[in-house]
Amino acid sequence: MNLPVSILDTPIEYVKGIGPAKGETFRKELSIHTVQDLLYCFPFRYIDRTKFHLIKDVGTDSDLVQLKGILLSLEKIKTKNNRFYVKGVLKDASGFMELVWFQGASWIEKTVRTGEEYIVFGRVSMFNGMKSMPHPEMELLSEAAVTVSRTFDPVYPSTEKMDAKGLDSRGRRKILKQLLSTLRTPDLPETLPAYVTDKLKICSRFESMQWIHFPSNEEEKTLATNRIKFEEFFYVQVRLLLSKAYRRFKYRSAPFEIIGPAFNEFYHHRLPFALTNAQKKVIREIRSDLGRHIQMNRLLQGDVGSGKTIVALLAMLMAIDNGYQACLMAPTEILAQQHYESITTLLGNMDIRVAFLSGSVKGRKRSEVLEGLKDGSVHIAVGTHALIEENVAFRKLGLSIVDEQHRFGVAQRASLWKKNDEFVPHVLVMTATPIPRTLAMTLYGDLEVSVIDELPPGRKEIKTIHKYETARPELIQFMHTEIAKGRQIYVVYPLIEESEKLDLKNLQDGYERLLQYFPPPQYGISVVHGRMKAADKDLEMQRFITGKTHIMVATTVIEVGVNVPNASVMVIENTERFGLSQLHQLRGRVGRGADQSYCILMTDFKISKEGRERIATMVRTTNGFEIAEADLRLRGPGDIQGTQQSGLLDFKLLNIGTDTAIMDAARNIAIRITENDPNLDKEIHQCIKTQVAKLRHKHKDWGRVS
Ligand code: ADP
Ligand code: MG
């Protein structure tokens, strides 16, 4: 027989109180195979048995509560169908509550005594207009201290089958209590160096396991929780930083040592505007990266309109001055085309050859571009992912820039590098979707991050106003005023697939209502939604873009790609149904011209608490990062774009929306350790090395990321 190396690896069925049948249930139902798995399946909440609630305070929200009071009376009552139940009345300082037993009436009568003070425990419900607790656990206060210690009872994730096998929370508590009592400190080897746990006052791994399951007070619960959260994030960071270190060791990029004629000509003579300080700062960061042999891997975040394109162009000019080619890749044909146009316009008659490549570039044109890339006569290639196809070869690609990174997978990012065999190109990833700092740390912990946190001057802050349905006449009046000034207006309706018919009807009704207030031929209204034929959609859009119509009624199809500087009002209907990032994107459609712009959030009176917070956030700020942070806090990371990949966000306890302090601490320590001891050779870091190896084994896919 193979003896397990450590108790933690012991198969679940050998744990006292489990056995083969229950072991099988653990494996099948919760994928718990070993002692380690069992210990790391944490309670998702606790029942606080350290506190006594007052009757007046307990709700009927089906939570288990503990109360203390005198049992005033107890009576046996006969029901219509000749059965008995027992009803008691409990009194505490705040009021009265019924206790009821539908079964075991005679036993209750025998064991429970009126006039005594009891601790009762159970769920409260309303019965005949009175608070009532069916089948409470009863305990004489005078005896309680001796029989049980008041603790937090852990509640575990379970399933019907688990419950049927007695492996509900109650059963699990017994098993875990017994298991934990047999474990000794060496059974749970430390995974963090002592100098870290000492400095940050982190409890030991042994303590964390005891306390996460059976804390005897708030402090133990917090200590255990914090330690486990810290460890979860610390190891994600160590792993990302080690892979970054490895990449630095394995790959070399060309250092762009000189700032030459292309850059200088553009920077000194052709900048169409003064750069913002944020742009300058980011350009300095990029320049310092590009000057080195180490490959740049930088994420550039900046809200829509913050001016990322010119930054990208300046970086590309640095490549060209050093004899290298550069490419700029966008996720869609339209965006790529826009980039191509901006860049050729910005460069004007400078002696730089820019080529466009996408799936739609075919035949002679395509071979010409491919030829130019290969012989190096094309300096800058702008395009879609067609640029990274196998048959596209560059002569000397020194810099790859990717716009809107979240739509590119990690694999695609990596494949940017295979285009050049001598050196790998430097990589700059640009995104307009603000990613909260904590999320960026997790997903892009191996990238350097630059942020353009300032918009070009002269833009007027968009005024955002929340209005209820009752203010509609006022809204119509306002729309008339703006149109009279020559402005155009978007009116956006939500549309989700599940209620598509209803949503479209809403939009249709809204459109017809607007027609009454803005009748043709004096006024024009465009309608655009996802169910229309592409050609009709384009036509309607075009009518709005060219100013033939004053109002565009639309679903969220206008989120991307539309640029109408004359449109200065965004009316959002049923605002409460939109997510924060969507609202932010929509608002970004206005405020593009010189006029004061407005975003009007229409809602019903009935809004959920979360909806209210979303609206408050939108009214409070136009800062994309602040909005993204709020979004993360309100929704959790699960729904945020691009986060489904790679198990990086697979935290059991850590909440990346709220545990910022822990994440900062863990990341800083991980940085220090991996910088000072990149191979984890030091004696004090052996515990980390061991743990990294274990985790790598567990998450085989980790190796593939970046
Ligand atoms: P994004 O970050 O969304 O890609 P762009 O690069 O497209 O933003 O820039 C948005 C607009 O702002 C463009 O019209 C651009 O010419 C202009 N712009 C960029 N930087 C500045 C600046 N420093 N001063 C004035 N206008 C700027
Ligand atoms: Mg852009």
# chains A, B, ... in the order shown; residues from 1 in each chain; ligands from 1

$ select_by_dssp --residues "segment 345-446 of chain A" --states "strand (DSSP E)" --output "compact mmCIF listing (two decimals) with all heavy atoms, in the first residue's frame"
# COMPACT_ATOMS: atom_id res chain seq x y z
N VAL A 354 2.51 53.52 -44.77
CA VAL A 354 1.56 52.84 -43.89
C VAL A 354 0.68 51.94 -44.75
O VAL A 354 0.20 52.37 -45.80
CB VAL A 354 0.66 53.87 -43.16
CG1 VAL A 354 -0.22 53.18 -42.12
CG2 VAL A 354 1.50 54.96 -42.51
N ALA A 355 0.49 50.70 -44.35
CA ALA A 355 -0.35 49.79 -45.12
C ALA A 355 -1.49 49.29 -44.28
O ALA A 355 -1.39 49.19 -43.06
CB ALA A 355 0.48 48.62 -45.62
N PHE A 356 -2.60 49.00 -44.95
CA PHE A 356 -3.77 48.46 -44.26
C PHE A 356 -3.97 47.00 -44.64
O PHE A 356 -3.90 46.63 -45.81
CB PHE A 356 -5.01 49.27 -44.64
CG PHE A 356 -6.26 48.77 -43.98
CD1 PHE A 356 -6.54 49.11 -42.66
CD2 PHE A 356 -7.15 47.95 -44.66
CE1 PHE A 356 -7.68 48.64 -42.03
CE2 PHE A 356 -8.30 47.47 -44.03
CZ PHE A 356 -8.57 47.83 -42.71
N LEU A 357 -4.20 46.16 -43.64
CA LEU A 357 -4.44 44.76 -43.95
C LEU A 357 -5.58 44.20 -43.11
O LEU A 357 -5.59 44.31 -41.88
CB LEU A 357 -3.18 43.92 -43.68
CG LEU A 357 -3.28 42.47 -44.16
CD1 LEU A 357 -3.26 42.39 -45.68
CD2 LEU A 357 -2.16 41.62 -43.58
N ILE A 380 4.68 50.87 -41.28
CA ILE A 380 3.62 50.67 -40.29
C ILE A 380 2.49 49.87 -40.92
O ILE A 380 2.00 50.21 -42.00
CB ILE A 380 3.06 52.03 -39.81
CG1 ILE A 380 4.12 52.80 -39.01
CG2 ILE A 380 1.80 51.83 -38.96
CD1 ILE A 380 3.67 54.20 -38.59
N ALA A 381 2.10 48.79 -40.26
CA ALA A 381 0.95 48.03 -40.74
C ALA A 381 -0.19 48.23 -39.77
O ALA A 381 -0.03 48.06 -38.56
CB ALA A 381 1.32 46.55 -40.83
N VAL A 382 -1.35 48.60 -40.31
CA VAL A 382 -2.54 48.76 -39.48
C VAL A 382 -3.55 47.75 -39.97
O VAL A 382 -3.73 47.60 -41.18
CB VAL A 382 -3.12 50.19 -39.61
CG1 VAL A 382 -4.35 50.35 -38.72
CG2 VAL A 382 -2.07 51.23 -39.26
N GLY A 383 -4.22 47.05 -39.06
CA GLY A 383 -5.19 46.08 -39.54
C GLY A 383 -5.89 45.33 -38.44
O GLY A 383 -5.86 45.72 -37.28
N LEU A 397 9.98 43.23 -37.46
CA LEU A 397 8.91 43.80 -36.63
C LEU A 397 9.45 44.09 -35.23
O LEU A 397 9.90 43.18 -34.53
CB LEU A 397 7.72 42.84 -36.56
CG LEU A 397 6.53 43.33 -35.75
CD1 LEU A 397 5.93 44.59 -36.35
CD2 LEU A 397 5.46 42.24 -35.64
N GLY A 398 9.41 45.35 -34.83
CA GLY A 398 9.98 45.71 -33.54
C GLY A 398 8.95 46.06 -32.48
O GLY A 398 9.24 46.02 -31.29
N LEU A 399 7.72 46.37 -32.93
CA LEU A 399 6.70 46.80 -31.97
C LEU A 399 5.32 46.39 -32.45
O LEU A 399 4.94 46.67 -33.58
CB LEU A 399 6.76 48.33 -31.82
CG LEU A 399 5.64 49.01 -31.05
CD1 LEU A 399 5.65 48.61 -29.58
CD2 LEU A 399 5.75 50.54 -31.17
N SER A 400 4.58 45.72 -31.58
CA SER A 400 3.20 45.37 -31.89
C SER A 400 2.28 46.08 -30.93
O SER A 400 2.45 45.99 -29.72
CB SER A 400 2.97 43.86 -31.70
OG SER A 400 3.50 43.16 -32.77
N ILE A 401 1.30 46.77 -31.49
CA ILE A 401 0.34 47.45 -30.64
C ILE A 401 -1.04 46.85 -30.88
O ILE A 401 -1.44 46.63 -32.02
CB ILE A 401 0.32 48.97 -30.94
CG1 ILE A 401 1.72 49.54 -30.72
CG2 ILE A 401 -0.71 49.67 -30.05
CD1 ILE A 401 1.83 51.04 -30.95
N VAL A 402 -1.71 46.55 -29.79
CA VAL A 402 -3.04 45.96 -29.91
C VAL A 402 -4.03 46.91 -29.26
O VAL A 402 -3.83 47.33 -28.11
CB VAL A 402 -3.11 44.61 -29.17
CG1 VAL A 402 -4.44 43.94 -29.44
CG2 VAL A 402 -1.98 43.71 -29.59
N ASP A 403 -5.07 47.29 -29.98
CA ASP A 403 -6.08 48.17 -29.41
C ASP A 403 -7.23 47.32 -28.89
O ASP A 403 -7.54 46.27 -29.43
CB ASP A 403 -6.59 49.14 -30.49
CG ASP A 403 -7.31 50.33 -29.87
OD1 ASP A 403 -7.21 50.52 -28.63
OD2 ASP A 403 -7.96 51.09 -30.61
N HIS A 426 8.39 44.37 -29.07
CA HIS A 426 7.79 44.96 -27.87
C HIS A 426 6.28 44.95 -28.05
O HIS A 426 5.79 45.05 -29.17
CB HIS A 426 8.27 46.41 -27.72
CG HIS A 426 9.74 46.53 -27.47
ND1 HIS A 426 10.29 46.22 -26.25
CD2 HIS A 426 10.76 46.93 -28.26
CE1 HIS A 426 11.61 46.42 -26.31
NE2 HIS A 426 11.92 46.85 -27.52
N VAL A 427 5.57 44.85 -26.95
CA VAL A 427 4.11 44.78 -27.06
C VAL A 427 3.45 45.87 -26.21
O VAL A 427 3.76 46.03 -25.03
CB VAL A 427 3.58 43.40 -26.60
CG1 VAL A 427 2.05 43.40 -26.59
CG2 VAL A 427 4.09 42.30 -27.52
N LEU A 428 2.56 46.61 -26.87
CA LEU A 428 1.76 47.60 -26.16
C LEU A 428 0.29 47.26 -26.38
O LEU A 428 -0.16 47.13 -27.51
CB LEU A 428 2.04 49.01 -26.71
CG LEU A 428 1.24 50.15 -26.07
CD1 LEU A 428 1.63 50.34 -24.60
CD2 LEU A 428 1.43 51.45 -26.83
N VAL A 429 -0.42 47.09 -25.28
CA VAL A 429 -1.82 46.73 -25.36
C VAL A 429 -2.63 47.94 -24.91
O VAL A 429 -2.38 48.47 -23.84
CB VAL A 429 -2.07 45.53 -24.43
CG1 VAL A 429 -3.54 45.21 -24.38
CG2 VAL A 429 -1.29 44.31 -24.86
N MET A 430 -3.58 48.37 -25.75
CA MET A 430 -4.35 49.55 -25.38
C MET A 430 -5.80 49.19 -25.12
O MET A 430 -6.38 48.42 -25.87
CB MET A 430 -4.33 50.58 -26.51
CG MET A 430 -2.93 50.97 -26.96
SD MET A 430 -2.90 52.48 -27.92
CE MET A 430 -3.80 52.00 -29.40
N THR A 431 -6.37 49.74 -24.09
CA THR A 431 -7.79 49.47 -23.86
C THR A 431 -8.52 50.71 -23.40
O THR A 431 -8.01 51.51 -22.64
CB THR A 431 -8.02 48.33 -22.86
OG1 THR A 431 -9.42 48.22 -22.62
CG2 THR A 431 -7.31 48.59 -21.54

$ select_by_dssp --residues "segment 255-487 of chain A" --states "helix (DSSP H, G or I)" --output "PyMOL selection string"
chain A and resi 261-270+277-290+308-321+333-347+363-375+385-388+405-407+410-419+437-443+469-484

$ residues_around --residues "Ala484 of chain A" --least-positions-apart "3" --cutoff "12 Å" --atoms "only C-alpha atoms" --output "PyMOL selection string"
chain A and resi 477-481+487-489+518+522-523+550

$ residues_near_ligand --ligand "ligand 2" --cutoff "8 Å" --atoms "only C-alpha atoms and all ligand atoms" --output "VMD selection string"
chain A and resid 304 to 305 307 to 309 335 339 403 to 404 432

$ closest_residue --among "A:Ile258, A:Leu275, A:Ala93, A:Val35" --to "ligand 1" --atoms "only C-alpha atoms and all ligand atoms"
A:Leu275

$ closest_atom_pairs --of "chain A" --to "ligand 1" --cutoff "10 Å" --atoms "only C-alpha atoms and all ligand atoms" --output "tab-separated table"
residue	atom	partner	partner_atom_place_in_ligand_line	distance
A:Leu271	CA	ligand 1	23 (N)	9.1
A:Pro272	CA	ligand 1	16 (O)	7.5
A:Phe273	CA	ligand 1	24 (N)	5.0
A:Ala274	CA	ligand 1	23 (N)	5.2
A:Leu275	CA	ligand 1	23 (N)	3.7
A:Thr276	CA	ligand 1	23 (N)	4.5
A:Asn277	CA	ligand 1	23 (N)	8.2
A:Ala278	CA	ligand 1	23 (N)	8.8
A:Gln279	CA	ligand 1	23 (N)	7.1
A:Lys280	CA	ligand 1	23 (N)	9.1
A:Leu300	CA	ligand 1	2 (O)	9.6
A:Gln301	CA	ligand 1	2 (O)	8.4
A:Gly302	CA	ligand 1	2 (O)	5.8
A:Asp303	CA	ligand 1	2 (O)	6.0
A:Val304	CA	ligand 1	3 (O)	3.6
A:Gly305	CA	ligand 1	3 (O)	3.5
A:Ser306	CA	ligand 1	2 (O)	4.1
A:Gly307	CA	ligand 1	6 (O)	3.3
A:Lys308	CA	ligand 1	2 (O)	3.8
A:Thr309	CA	ligand 1	6 (O)	3.7
A:Ile310	CA	ligand 1	6 (O)	5.7
A:Val311	CA	ligand 1	6 (O)	7.7
A:Ala312	CA	ligand 1	6 (O)	8.5
A:Leu313	CA	ligand 1	6 (O)	9.6
A:Leu335	CA	ligand 1	4 (O)	9.9
A:Gln338	CA	ligand 1	7 (O)	8.9
A:His339	CA	ligand 1	7 (O)	8.2
A:Ser342	CA	ligand 1	7 (O)	8.0
A:Ile343	CA	ligand 1	6 (O)	9.9
A:Leu346	CA	ligand 1	16 (O)	8.8
A:Asp403	CA	ligand 1	4 (O)	8.5
A:Glu404	CA	ligand 1	4 (O)	9.3
A:Met430	CA	ligand 1	4 (O)	8.6
A:Thr431	CA	ligand 1	2 (O)	8.2
A:Ala432	CA	ligand 1	3 (O)	6.5
A:Thr433	CA	ligand 1	3 (O)	10.0
A:Ile452	CA	ligand 1	2 (O)	8.3
A:Glu454	CA	ligand 1	23 (N)	9.4
A:Leu455	CA	ligand 1	21 (C)	7.7
A:Pro456	CA	ligand 1	24 (N)	4.4
A:Pro457	CA	ligand 1	24 (N)	6.2
A:Gly458	CA	ligand 1	25 (C)	7.9
A:Arg459	CA	ligand 1	25 (C)	9.0
A:Gly588	CA	ligand 1	3 (O)	9.7
A:Arg592	CA	ligand 1	11 (C)	8.3
A:Gly593	CA	ligand 1	14 (O)	9.8

$ residues_around --residues "Lys131 of chain A" --least-positions-apart "4" --cutoff "9 Å" --atoms "only C-alpha atoms" --output "short mmCIF file (atom, residue, chain, number, x, y, z; two decimals) with N, CA and C atoms, in the first residue's frame"
data_model
loop_
_atom_site.label_atom_id
_atom_site.label_comp_id
_atom_site.auth_asym_id
_atom_site.auth_seq_id
_atom_site.Cartn_x
_atom_site.Cartn_y
_atom_site.Cartn_z
N ILE A 55 -36.02 39.76 20.50
CA ILE A 55 -37.20 39.36 19.72
C ILE A 55 -37.64 40.49 18.78
N VAL A 58 -35.47 40.47 15.46
CA VAL A 58 -35.32 39.39 14.50
C VAL A 58 -36.35 39.52 13.39
N GLY A 59 -35.86 39.29 12.18
CA GLY A 59 -36.75 39.39 11.04
C GLY A 59 -37.31 38.03 10.77
N THR A 60 -37.98 37.91 9.65
CA THR A 60 -38.48 36.61 9.29
C THR A 60 -37.82 36.21 7.98
N PHE A 96 -42.55 39.42 22.92
CA PHE A 96 -42.98 38.03 23.02
C PHE A 96 -42.85 37.31 21.69
N MET A 97 -42.69 36.00 21.78
CA MET A 97 -42.63 35.20 20.56
C MET A 97 -43.21 33.82 20.84
N GLU A 98 -43.84 33.25 19.83
CA GLU A 98 -44.36 31.89 19.99
C GLU A 98 -43.31 30.86 19.68
N LEU A 99 -43.36 29.77 20.39
CA LEU A 99 -42.54 28.61 20.03
C LEU A 99 -43.53 27.49 19.73
N VAL A 124 -37.19 32.12 12.48
CA VAL A 124 -38.41 32.81 12.87
C VAL A 124 -39.30 32.98 11.66
N SER A 125 -40.59 32.71 11.85
CA SER A 125 -41.51 33.01 10.75
C SER A 125 -42.72 33.73 11.34
N MET A 126 -43.57 34.25 10.46
CA MET A 126 -44.77 34.91 10.95
C MET A 126 -45.90 33.91 10.91
N PHE A 127 -46.66 33.81 12.01
CA PHE A 127 -47.77 32.89 12.06
C PHE A 127 -48.92 33.59 12.76
#

$ atom_distance --atom1 "atom CA of Met209 of chain A" --atom2 "atom CA of Pro154 of chain A"
12.4 Å

$ residues_around --residues "Glu482 of chain A" --least-positions-apart "5" --cutoff "12 Å" --atoms "only C-alpha atoms" --output "PyMOL selection string"
chain A and resi 475-477+487-490+550-551+566-570+595-598

$ residues_around --residues "Arg531 of chain A" --least-positions-apart "4" --cutoff "12 Å" --atoms "only C-alpha atoms" --output "list of chain:residue names"
A:Leu495, A:Ile496, A:Glu497, A:Glu500, A:Lys501, A:Asp503, A:Leu504, A:Val527, A:Ala535, A:Asp536, A:Lys537, A:Ala554, A:Thr555, A:Thr556, A:Val557

$ write_last_selection --atoms "C-alpha atoms" --output "tab-separated table (two decimals), in the first residue's frame"
chain	number	residue	atom	x	y	z
A	495	LEU	CA	-32.86	45.36	-25.24
A	496	ILE	CA	-32.14	41.98	-23.85
A	497	GLU	CA	-32.76	38.78	-25.66
A	500	GLU	CA	-36.76	41.06	-26.81
A	501	LYS	CA	-40.35	41.34	-28.05
A	503	ASP	CA	-38.30	45.62	-25.45
A	504	LEU	CA	-38.84	46.24	-29.13
A	527	VAL	CA	-34.71	54.31	-35.66
A	535	ALA	CA	-28.50	47.97	-45.03
A	536	ASP	CA	-31.52	49.66	-43.40
A	537	LYS	CA	-29.52	50.20	-40.26
A	554	ALA	CA	-31.98	53.10	-30.79
A	555	THR	CA	-31.07	50.09	-28.76
A	556	THR	CA	-27.53	49.68	-27.58
A	557	VAL	CA	-26.28	48.98	-31.10

$ closest_residue --among "A:Lys250, A:Arg205, A:Arg298, A:Arg612" --to "Ile228 of chain A" --atoms "only C-alpha atoms"
A:Arg205

$ atom_distance --atom1 "atom CA of Leu183 of chain A" --atom2 "atom CA of Asn655 of chain A"
28.9 Å

$ atom_distance --atom1 "atom CA of Lys199 of chain A" --atom2 "atom CA of Asn668 of chain A"
13.0 Å

$ closest_residue --among "A:Thr660, A:Ser450, A:Gln691, A:Gln36" --to "Phe230 of chain A" --atoms "only C-alpha atoms"
A:Thr660

$ residues_around --residues "Pro43 of chain A" --least-positions-apart "5" --cutoff "10 Å" --atoms "only C-alpha atoms" --output "PDB file with C-alpha atoms, in the first residue's frame"
ATOM      1  CA  ASP A 153     -21.268  27.469  13.633  1.00  0.00           C
ATOM      2  CA  PRO A 154     -19.898  27.030  10.120  1.00  0.00           C
ATOM      3  CA  VAL A 155     -22.336  26.553   7.251  1.00  0.00           C
ATOM      4  CA  TYR A 156     -20.966  24.643   4.271  1.00  0.00           C
ATOM      5  CA  PRO A 157     -21.922  24.400   0.639  1.00  0.00           C
ATOM      6  CA  SER A 169     -23.448  21.365   7.751  1.00  0.00           C
ATOM      7  CA  ARG A 173     -19.091  20.104  11.602  1.00  0.00           C
ATOM      8  CA  ILE A 212     -11.823  29.366   9.535  1.00  0.00           C
ATOM      9  CA  HIS A 213     -13.928  26.346  10.465  1.00  0.00           C
ATOM     10  CA  PHE A 214     -14.458  27.003  14.165  1.00  0.00           C
ATOM     11  CA  LEU A 653     -12.530  33.879  -0.160  1.00  0.00           C
TER      12      LEU A 653
END

$ closest_residue --among "A:His379, A:Lys374, A:His385, A:Lys28" --to "Lys161 of chain A" --atoms "only C-alpha atoms"
A:Lys28

$ decode --residues "segment 580-589 of chain A" --atoms "all heavy atoms" --output "JSON list (two decimals), in the first residue's frame"
[["chain", "number", "residue", "atom", "x", "y", "z"],
["A", 580, "LEU", "N", -23.48, 49.31, -15.42],
["A", 580, "LEU", "CA", -22.70, 50.55, -15.32],
["A", 580, "LEU", "C", -21.76, 50.76, -16.50],
["A", 580, "LEU", "O", -21.64, 51.87, -17.02],
["A", 580, "LEU", "CB", -21.87, 50.53, -14.04],
["A", 580, "LEU", "CG", -22.44, 51.28, -12.85],
["A", 580, "LEU", "CD1", -21.53, 51.16, -11.66],
["A", 580, "LEU", "CD2", -22.64, 52.75, -13.20],
["A", 581, "SER", "N", -21.10, 49.72, -16.93],
["A", 581, "SER", "CA", -20.11, 49.93, -17.98],
["A", 581, "SER", "C", -20.82, 50.27, -19.29],
["A", 581, "SER", "O", -20.33, 51.07, -20.09],
["A", 581, "SER", "CB", -19.20, 48.71, -18.15],
["A", 581, "SER", "OG", -19.96, 47.60, -18.48],
["A", 582, "GLN", "N", -22.01, 49.69, -19.46],
["A", 582, "GLN", "CA", -22.81, 50.01, -20.64],
["A", 582, "GLN", "C", -23.25, 51.48, -20.62],
["A", 582, "GLN", "O", -23.17, 52.18, -21.62],
["A", 582, "GLN", "CB", -24.04, 49.12, -20.65],
["A", 582, "GLN", "CG", -24.29, 48.46, -21.98],
["A", 582, "GLN", "CD", -25.50, 47.54, -21.89],
["A", 582, "GLN", "OE1", -26.12, 47.38, -20.84],
["A", 582, "GLN", "NE2", -25.83, 46.94, -23.01],
["A", 583, "LEU", "N", -23.69, 51.91, -19.46],
["A", 583, "LEU", "CA", -24.11, 53.31, -19.33],
["A", 583, "LEU", "C", -22.94, 54.24, -19.63],
["A", 583, "LEU", "O", -23.08, 55.27, -20.29],
["A", 583, "LEU", "CB", -24.65, 53.58, -17.92],
["A", 583, "LEU", "CG", -25.99, 52.94, -17.58],
["A", 583, "LEU", "CD1", -26.33, 53.13, -16.10],
["A", 583, "LEU", "CD2", -27.10, 53.51, -18.45],
["A", 584, "HIS", "N", -21.79, 53.84, -19.14],
["A", 584, "HIS", "CA", -20.60, 54.67, -19.38],
["A", 584, "HIS", "C", -20.26, 54.74, -20.87],
["A", 584, "HIS", "O", -19.96, 55.80, -21.41],
["A", 584, "HIS", "CB", -19.43, 54.11, -18.58],
["A", 584, "HIS", "CG", -18.16, 54.86, -18.76],
["A", 584, "HIS", "ND1", -18.05, 56.19, -18.41],
["A", 584, "HIS", "CD2", -16.95, 54.51, -19.25],
["A", 584, "HIS", "CE1", -16.82, 56.61, -18.69],
["A", 584, "HIS", "NE2", -16.14, 55.61, -19.19],
["A", 585, "GLN", "N", -20.34, 53.59, -21.53],
["A", 585, "GLN", "CA", -20.08, 53.56, -22.97],
["A", 585, "GLN", "C", -21.09, 54.43, -23.72],
["A", 585, "GLN", "O", -20.73, 55.18, -24.62],
["A", 585, "GLN", "CB", -20.17, 52.13, -23.52],
["A", 585, "GLN", "CG", -19.09, 51.19, -23.04],
["A", 585, "GLN", "CD", -17.74, 51.56, -23.57],
["A", 585, "GLN", "OE1", -17.63, 52.12, -24.66],
["A", 585, "GLN", "NE2", -16.69, 51.30, -22.80],
["A", 586, "LEU", "N", -22.35, 54.31, -23.32],
["A", 586, "LEU", "CA", -23.39, 55.09, -23.99],
["A", 586, "LEU", "C", -23.16, 56.59, -23.80],
["A", 586, "LEU", "O", -23.24, 57.36, -24.75],
["A", 586, "LEU", "CB", -24.77, 54.71, -23.45],
["A", 586, "LEU", "CG", -25.33, 53.37, -23.93],
["A", 586, "LEU", "CD1", -26.58, 53.00, -23.15],
["A", 586, "LEU", "CD2", -25.64, 53.41, -25.43],
["A", 587, "ARG", "N", -22.87, 56.98, -22.61],
["A", 587, "ARG", "CA", -22.65, 58.39, -22.35],
["A", 587, "ARG", "C", -21.47, 58.91, -23.16],
["A", 587, "ARG", "O", -21.43, 60.06, -23.57],
["A", 587, "ARG", "CB", -22.43, 58.63, -20.85],
["A", 587, "ARG", "CG", -22.29, 60.10, -20.52],
["A", 587, "ARG", "CD", -22.38, 60.37, -19.04],
["A", 587, "ARG", "NE", -21.41, 59.61, -18.27],
["A", 587, "ARG", "CZ", -21.36, 59.61, -16.94],
["A", 587, "ARG", "NH1", -22.23, 60.30, -16.24],
["A", 587, "ARG", "NH2", -20.44, 58.88, -16.31],
["A", 588, "GLY", "N", -20.51, 58.01, -23.41],
["A", 588, "GLY", "CA", -19.34, 58.40, -24.20],
["A", 588, "GLY", "C", -19.67, 58.79, -25.64],
["A", 588, "GLY", "O", -18.83, 59.29, -26.37],
["A", 589, "ARG", "N", -20.94, 58.52, -26.07],
["A", 589, "ARG", "CA", -21.34, 58.89, -27.44],
["A", 589, "ARG", "C", -21.56, 60.39, -27.56],
["A", 589, "ARG", "O", -21.53, 60.92, -28.66],
["A", 589, "ARG", "CB", -22.64, 58.19, -27.85],
["A", 589, "ARG", "CG", -22.60, 56.69, -27.98],
["A", 589, "ARG", "CD", -21.65, 56.23, -29.02],
["A", 589, "ARG", "NE", -20.51, 55.59, -28.41],
["A", 589, "ARG", "CZ", -19.34, 55.46, -28.97],
["A", 589, "ARG", "NH1", -19.11, 55.95, -30.16],
["A", 589, "ARG", "NH2", -18.34, 54.87, -28.34]]
